[in-house]
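K.L.:
You'll find coords-v4.cif just under this line, and it carries mmCIF, C-alpha atoms.
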data_data
loop_
_atom_site.label_atom_id
_atom_site.label_comp_id
_atom_site.auth_asym_id
_atom_site.auth_seq_id
_atom_site.Cartn_x
_atom_site.Cartn_y
_atom_site.Cartn_z
CA MET A 3 151.97 107.20 100.26
CA THR A 4 148.79 105.17 100.29
CA ASN A 5 148.67 101.76 98.62
CA SER A 6 147.10 101.61 95.17
CA ILE A 7 143.51 100.37 95.21
CA LEU A 8 143.73 98.97 91.68
CA GLY A 9 147.04 97.37 92.59
CA SER A 10 145.28 95.47 95.36
CA VAL A 11 142.64 93.84 93.12
CA THR A 12 142.21 90.12 93.81
CA THR A 13 140.47 87.34 91.88
CA GLY A 14 138.64 84.20 92.89
CA THR A 15 136.51 83.52 95.96
CA SER A 16 137.16 85.76 98.96
CA ARG A 17 137.88 83.88 102.17
CA SER A 18 135.75 85.18 105.00
CA GLY A 19 133.50 83.70 107.61
CA LEU A 20 130.00 82.67 106.59
CA ARG A 21 127.17 84.95 107.75
CA MET A 22 124.04 82.85 108.09
CA VAL A 23 120.50 82.97 109.47
CA VAL A 24 118.73 79.67 110.26
CA ALA A 25 115.00 80.33 110.57
CA GLY A 26 112.15 78.03 111.51
CA GLN A 27 109.33 77.30 113.90
CA GLU A 28 109.98 76.30 117.48
CA LYS A 29 111.20 72.75 118.25
CA MET A 30 112.48 72.28 114.71
CA GLY A 31 116.08 71.71 115.86
CA LYS A 32 117.63 74.99 114.71
CA THR A 33 120.06 75.24 117.63
CA THR A 34 121.12 71.59 117.41
CA LEU A 35 121.72 71.93 113.67
CA CYS A 36 123.90 75.02 114.13
CA ALA A 37 125.83 73.36 116.96
CA GLY A 38 127.24 70.98 114.37
CA ALA A 39 129.15 73.81 112.68
CA PRO A 40 132.97 73.72 112.87
CA GLY A 41 134.47 74.92 116.16
CA ALA A 42 131.08 76.11 117.39
CA LEU A 43 130.47 78.37 120.39
CA LEU A 44 126.82 78.82 121.34
CA VAL A 45 125.74 82.17 122.77
CA PRO A 46 122.28 81.53 124.27
CA LEU A 47 120.11 84.62 124.56
CA GLU A 48 116.99 82.74 125.67
CA VAL A 49 116.01 79.44 127.28
CA GLY A 50 115.95 76.32 125.10
CA TYR A 51 119.55 75.17 124.75
CA ALA A 52 120.00 72.82 127.73
CA GLY A 53 120.24 69.59 125.72
CA VAL A 54 122.60 70.91 123.06
CA GLN A 55 126.05 69.32 123.27
CA VAL A 56 128.37 72.21 122.37
CA ALA A 57 130.62 74.78 124.03
CA LYS A 58 128.41 77.60 125.31
CA THR A 59 128.55 80.84 127.23
CA PRO A 60 126.21 81.55 130.15
CA MET A 61 122.82 82.78 128.93
CA LEU A 62 123.13 86.49 128.17
CA GLN A 63 119.88 88.18 129.15
CA GLU A 64 120.72 91.86 128.70
CA TRP A 65 122.00 93.84 125.74
CA GLU A 66 124.89 95.18 127.80
CA HIS A 67 126.11 91.62 128.39
CA THR A 68 125.90 90.78 124.68
CA ARG A 69 127.89 93.92 123.85
CA GLN A 70 130.49 92.92 126.45
CA PHE A 71 130.77 89.49 124.84
CA MET A 72 131.31 91.04 121.39
CA ALA A 73 134.03 93.31 122.78
CA GLU A 74 135.81 90.36 124.41
CA VAL A 75 135.68 88.28 121.22
CA THR A 76 136.96 91.17 119.10
CA THR A 77 139.90 91.75 121.43
CA LEU A 78 140.90 88.08 121.41
CA ALA A 79 140.41 87.80 117.64
CA GLN A 80 142.70 90.79 117.07
CA ARG A 81 145.38 88.97 119.08
CA GLY A 82 144.79 85.70 117.21
CA GLN A 83 143.72 84.06 120.48
CA PHE A 84 140.02 83.33 119.83
CA GLN A 85 139.77 79.54 119.66
CA TYR A 86 136.35 79.08 118.05
CA LYS A 87 135.54 79.07 114.33
CA THR A 88 131.77 79.64 114.56
CA ILE A 89 129.66 81.80 116.87
CA ILE A 90 125.96 80.97 117.15
CA PHE A 91 123.59 83.59 118.53
CA ASP A 92 120.39 81.91 119.69
CA SER A 93 118.25 83.76 118.73
CA ALA A 94 118.00 86.97 116.69
CA SER A 95 114.44 87.37 117.99
CA ALA A 96 115.75 87.35 121.58
CA LEU A 97 118.56 89.73 120.59
CA GLU A 98 115.95 92.19 119.34
CA ARG A 99 114.05 91.95 122.64
CA GLN A 100 117.29 92.71 124.50
CA ILE A 101 117.88 95.81 122.40
CA HIS A 102 114.30 97.01 122.80
CA ASP A 103 114.48 96.58 126.59
CA ALA A 104 117.73 98.58 126.67
CA ILE A 105 116.23 101.38 124.56
CA ILE A 106 113.18 101.61 126.85
CA ARG A 107 115.41 101.76 129.95
CA ARG A 108 117.24 104.71 128.42
CA ASP A 109 114.02 106.72 128.09
CA PRO A 110 114.23 109.84 130.32
CA GLY A 111 110.91 108.96 131.95
CA TYR A 112 111.78 105.35 132.74
CA LYS A 113 111.83 104.42 136.42
CA PRO A 114 112.12 100.80 137.62
CA GLY A 115 108.94 99.71 139.37
CA SER A 116 106.94 102.71 138.11
CA LYS A 117 103.28 102.19 137.19
CA LYS A 118 103.84 104.23 134.04
CA VAL A 119 104.26 101.81 131.15
CA ILE A 120 106.78 102.81 128.51
CA THR A 121 106.72 100.95 125.20
CA MET A 122 108.73 101.11 122.01
CA GLU A 123 105.88 103.11 120.50
CA SER A 124 105.94 105.74 123.27
CA ALA A 125 109.62 105.80 124.30
CA HIS A 126 111.87 108.75 123.44
CA GLY A 127 108.96 110.91 122.30
CA GLY A 128 107.26 108.35 120.08
CA TYR A 129 106.96 108.69 116.29
CA GLY A 130 109.24 105.70 115.76
CA ARG A 131 112.23 107.30 117.50
CA ALA A 132 112.79 104.28 119.76
CA TYR A 133 112.77 101.91 116.79
CA SER A 134 115.31 104.13 115.01
CA LEU A 135 117.60 103.95 118.03
CA ALA A 136 117.15 100.16 118.19
CA ASN A 137 117.99 99.86 114.49
CA GLU A 138 121.22 101.77 115.09
CA GLU A 139 122.20 99.35 117.87
CA PHE A 140 121.33 96.37 115.67
CA ASP A 141 123.37 97.82 112.79
CA ASP A 142 126.37 98.22 115.12
CA PHE A 143 126.02 94.56 116.14
CA LEU A 144 125.95 93.40 112.51
CA GLN A 145 128.97 95.56 111.69
CA GLN A 146 130.91 93.94 114.53
CA CYS A 147 129.89 90.55 113.13
CA ASP A 148 131.20 91.65 109.73
CA VAL A 149 134.57 92.53 111.23
CA LEU A 150 134.83 89.10 112.85
CA ALA A 151 133.75 87.36 109.63
CA VAL A 152 135.99 89.30 107.24
CA TYR A 153 139.16 89.77 109.27
CA ALA A 154 139.08 86.81 111.67
CA HIS A 155 137.29 84.37 109.30
CA ILE A 156 134.75 83.47 111.99
CA ASN A 157 131.39 82.07 110.88
CA ILE A 158 128.49 84.05 112.37
CA VAL A 159 125.20 82.15 112.64
CA LEU A 160 121.94 83.57 113.96
CA THR A 161 118.92 81.40 114.63
CA CYS A 162 115.59 83.16 114.27
CA HIS A 163 111.97 82.41 115.09
CA VAL A 164 109.33 82.91 112.40
CA PHE A 165 105.70 83.95 112.14
CA SER A 166 103.03 83.72 109.47
CA ASN A 167 103.06 87.08 107.70
CA LYS A 168 100.69 88.47 105.09
CA VAL A 169 102.74 89.66 102.13
CA MET A 170 101.55 92.17 99.54
CA ASP A 171 103.53 91.48 96.38
CA PRO A 172 103.00 94.08 93.61
CA THR A 173 103.48 91.39 90.96
CA SER A 174 101.58 88.49 92.56
CA GLY A 175 99.07 89.96 94.99
CA GLU A 176 98.54 89.06 98.63
CA TYR A 177 99.57 85.77 100.22
CA ASP A 178 100.73 84.27 103.55
CA SER A 179 104.38 83.43 104.11
CA TRP A 180 106.68 82.41 106.97
CA ASP A 181 108.89 85.41 107.78
CA LEU A 182 111.53 86.30 110.37
CA LEU A 183 110.13 87.26 113.78
CA LEU A 184 111.78 90.68 113.84
CA HIS A 185 110.36 94.19 113.75
CA SER A 186 109.54 95.70 110.37
CA PRO A 187 107.90 99.12 109.84
CA LYS A 188 104.29 98.94 108.72
CA ASN A 189 104.62 101.83 106.29
CA ALA A 190 106.92 99.88 103.94
CA LYS A 191 108.96 103.06 103.39
CA THR A 192 111.81 102.36 105.80
CA TYR A 193 113.66 99.24 106.89
CA GLY A 194 113.49 97.44 110.22
CA LYS A 195 115.65 94.70 111.69
CA ARG A 196 113.86 92.06 109.59
CA GLU A 197 115.04 93.66 106.35
CA ARG A 198 118.47 94.53 107.76
CA VAL A 199 119.34 90.96 108.73
CA THR A 200 118.14 89.42 105.46
CA GLN A 201 120.26 91.89 103.50
CA TRP A 202 123.24 91.23 105.78
CA ALA A 203 123.20 87.42 105.65
CA ASP A 204 125.05 85.44 102.98
CA THR A 205 122.53 82.65 103.51
CA VAL A 206 119.05 82.54 105.01
CA GLY A 207 117.90 78.94 105.42
CA PHE A 208 114.37 77.93 106.38
CA LEU A 209 114.28 74.70 108.39
CA TYR A 210 110.98 72.80 108.39
CA GLU A 211 109.24 69.47 107.89
CA PRO A 212 107.11 69.38 104.72
CA MET A 213 103.43 68.64 105.32
CA PHE A 214 100.25 68.53 103.28
CA VAL A 215 96.65 69.20 104.22
CA SER A 216 94.28 66.23 104.25
CA LYS A 217 90.51 66.19 104.60
CA THR A 218 88.67 62.96 105.44
CA GLU A 219 85.77 62.17 103.14
CA GLY A 220 82.52 63.37 104.69
CA SER A 221 84.32 65.61 107.18
CA THR A 222 84.58 69.38 107.16
CA LEU A 223 87.82 69.30 109.20
CA SER A 224 91.27 69.49 107.62
CA ARG A 225 94.47 68.34 109.27
CA GLY A 226 98.16 68.59 108.55
CA VAL A 227 99.87 65.32 107.63
CA SER A 228 103.62 64.77 107.40
CA ALA A 229 104.91 64.27 103.87
CA ASN A 230 107.41 61.74 105.34
CA LYS A 231 110.37 63.62 103.92
CA GLY A 232 111.92 64.45 107.28
CA ARG A 233 113.44 67.87 107.88
CA VAL A 234 114.56 69.96 104.95
CA MET A 235 116.17 73.37 104.61
CA GLY A 236 114.91 75.75 101.97
CA LEU A 237 117.77 77.75 100.48
CA SER A 238 115.95 79.84 97.87
CA ARG A 239 112.86 81.93 98.38
CA THR A 240 109.39 80.63 97.69
CA PRO A 241 106.00 82.24 98.39
CA ALA A 242 105.78 79.94 101.45
CA TYR A 243 108.88 81.06 103.37
CA ILE A 244 111.83 83.43 103.62
CA ALA A 245 115.12 82.01 102.30
CA GLY A 246 117.93 82.89 99.93
CA ASN A 247 121.71 82.90 99.45
CA ARG A 248 124.57 84.46 97.50
CA PHE A 249 126.16 81.18 96.42
CA GLY A 250 123.79 79.86 93.77
CA MET A 251 122.17 77.18 95.94
CA VAL A 252 118.58 76.48 94.91
CA GLY A 253 115.67 74.46 96.22
CA GLU A 254 115.74 72.38 99.39
CA ILE A 255 118.20 69.95 100.95
CA ALA A 256 117.56 67.14 103.44
CA ILE A 257 118.75 67.85 106.98
CA PRO A 258 118.74 64.60 109.02
CA GLY A 259 118.48 64.80 112.78
CA PRO A 260 120.92 63.41 115.37
CA PRO A 261 123.06 61.34 115.51
CA ASN A 262 123.83 62.65 112.01
CA ASN A 263 125.55 66.00 111.77
CA GLY A 264 122.94 67.94 109.82
CA TRP A 265 125.30 70.88 109.37
CA ASN A 266 127.54 68.89 107.02
CA TYR A 267 124.57 68.29 104.68
CA PHE A 268 124.27 72.05 104.36
CA ALA A 269 128.06 72.35 104.04
CA LYS A 270 128.05 69.90 101.11
CA ALA A 271 125.37 71.91 99.28
CA LEU A 272 127.40 75.08 99.84
CA TYR A 273 130.65 73.46 98.68
CA ASP A 274 129.05 71.93 95.57
CA ALA A 275 127.61 75.33 94.60
CA SER A 276 130.54 77.60 95.38
CA GLY A 277 133.60 75.75 96.65
CA VAL A 278 133.24 77.43 100.05
CA ASP A 279 134.27 74.95 102.76
CA VAL A 280 132.47 75.03 106.11
CA PHE A 281 132.58 71.29 106.80
CA THR A 282 132.99 69.96 110.30
CA ARG A 283 135.74 67.35 110.24
#
Rewrite the structure from the file as structure tokens, please.

P.N.:
Amino acid sequence: MTNSILGSVTTGTSRSGLRMVVAGQEKMGKTTLCAGAPGALLVPLEVGYAGVQVAKTPMLQEWEHTRQFMAEVTTLAQRGQFQYKTIIFDSASALERQIHDAIIRRDPGYKPGSKKVITMESAHGGYGRAYSLANEEFDDFLQQCDVLAVYAHINIVLTCHVFSNKVMDPTSGEYDSWDLLLHSPKNAKTYGKRERVTQWADTVGFLYEPMFVSKTEGSTLSRGVSANKGRVMGLSRTPAYIAGNRFGMVGEIAIPGPPNNGWNYFAKALYDASGVDVFTR
């Protein structure tokens, strides 16, 4: 006899690992911030982590290696032997490149060293087929992350690069915004990895240093000037950048740099809003 579904109803906050994306421009300190998370293990997928003081795997440069890592973690987590509380993938943009490279190598016409160039647009017969295959691989990765978060209570954090994207909002018109550097279909009828990861994440935080534009009197040149606020993390969406969360956090919070543990400033905002505890003690 199967267990009753209604008899298994629970109340209160569910305890699972946090699923988070930390986005921002290069050299903003995304990796260092995430390294302050509790029991952190950094999984570098690209260069740029050398100075980060945290446990880390070797740099994984191919999709097959990243899949192997996920399989190893899942096996250990099922046995209760995985010692880390947070896994940081640095970055989602590099993860996408890994998947795209793997999809291109699987094309029937691919030959190493060949002069024939195969791209995501032409691979597997074109017409978006390669991107569909890549989306399936990316979905599998996120599902594995869900299993680790829900059943092993492991926090999953992805850093992500950003780019200035022109947004067409039916209610507000066209404007420029910082968005995740991940593929998104141009036809706006189907989803790409950019939409998939924002829907998946419990929190998308945008890390940046506020600036304003100044123009000297008599000059035609404008320049960006720091607002002297230091780094902040946006936790709710604005027209300027991608952000959002499921915990009721709004606005921006200060994220000091080292030697402070910037992660705990985010953890306090999360705890104050929802009671979810991801402090590093």

K.L.:
Apply the PyMOL selection byres ((chain A and resi 277) around 12) to the displayed file and report the matching residues as a list in words.

P.N.:
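This file, filtered by the PyMOL selection byres ((chain A and resi 277) around 12), leaves Gly14, Thr15, Ser16, Arg17, Phe249, Gly250, Met251, Ala269, Lys270, Ala271, Leu272, Tyr273, Asp274, Ala275, Ser276, Val278, Asp279, Val280 and Phe281 of chain A.
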
K.L.:
So that I can see what lies close to segment 49-65 of chain A, please list as a PyMOL selection string the residues with an atom at most 8 Å from it, counting all atoms listed in the file and leaving out residues fewer than 5 positions away in the same chain.

P.N.:
chain A and resi 33-34+37+42-44+97+100-101+104

K.L.:
I'd like the contact shell of segment 166-170 of chain A - 9 Å cut-off, all atoms listed in the file, skipping same-chain residues fewer than 3 positions apart - returned as number ranges by chain.

P.N.:
A: 173-182, 241, 243

K.L.:
For the file shown, what are the residues hit by the PyMOL selection byres ((chain A and resi 197) around 12), laid out as a list in words?

P.N.:
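Against this file, the PyMOL selection byres ((chain A and resi 197) around 12) returns the residues Asn137, Phe140, Asp141, Asp181, Leu182, Leu183, Leu184, His185, Ser186, Pro187, Ala190, Lys191, Thr192, Tyr193, Gly194, Lys195, Arg196, Arg198, Val199, Thr200, Gln201, Trp202, Ala203, Val206 and Ile244 of chain A.
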
K.L.:
Between atom CA of Phe143 of chain A and atom CA of Gly264 of chain A, what is the distance, to one decimal in Å?

P.N.:
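So the two atoms, atom CA of Phe143 of chain A and atom CA of Gly264 of chain A, lie 27.5 Å apart.
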
K.L.:
Atom CA of Gly253 of chain A to atom CA of Lys32 of chain A: how many Å, to one decimal?

P.N.:
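Computing it gives 18.6 Å between the two atoms.
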
K.L.:
Work out how far atom CA of His102 of chain A is from atom CA of Tyr133 of chain A, in Å to one decimal.

P.N.:
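Those two atoms sit 7.9 Å apart.
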
K.L.:
Take the PyMOL selection byres ((chain A and resi 92) around 6), apply it to the structure above, and return the hits as a PyMOL selection string.

P.N.:
chain A and resi 46-47+91+93+161

K.L.:
Which is closer to Leu144 of chain A than all the others in A:Ala242, A:Val159, A:Ile7, A:Met122, using all atoms listed in the file?

P.N.:
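Checking each of A:Ala242, A:Val159, A:Ile7, A:Met122 against Leu144 of chain A, counting all atoms listed in the file, the winner is A:Val159.
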
K.L.:
Determine the nearest neighbour of Leu135 of chain A from the options A:Leu209, A:Val119, A:Leu160, A:Ile105, counting all atoms listed in the file.

P.N.:
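Among A:Leu209, A:Val119, A:Leu160, A:Ile105, it is A:Ile105 that comes nearest to Leu135 of chain A.
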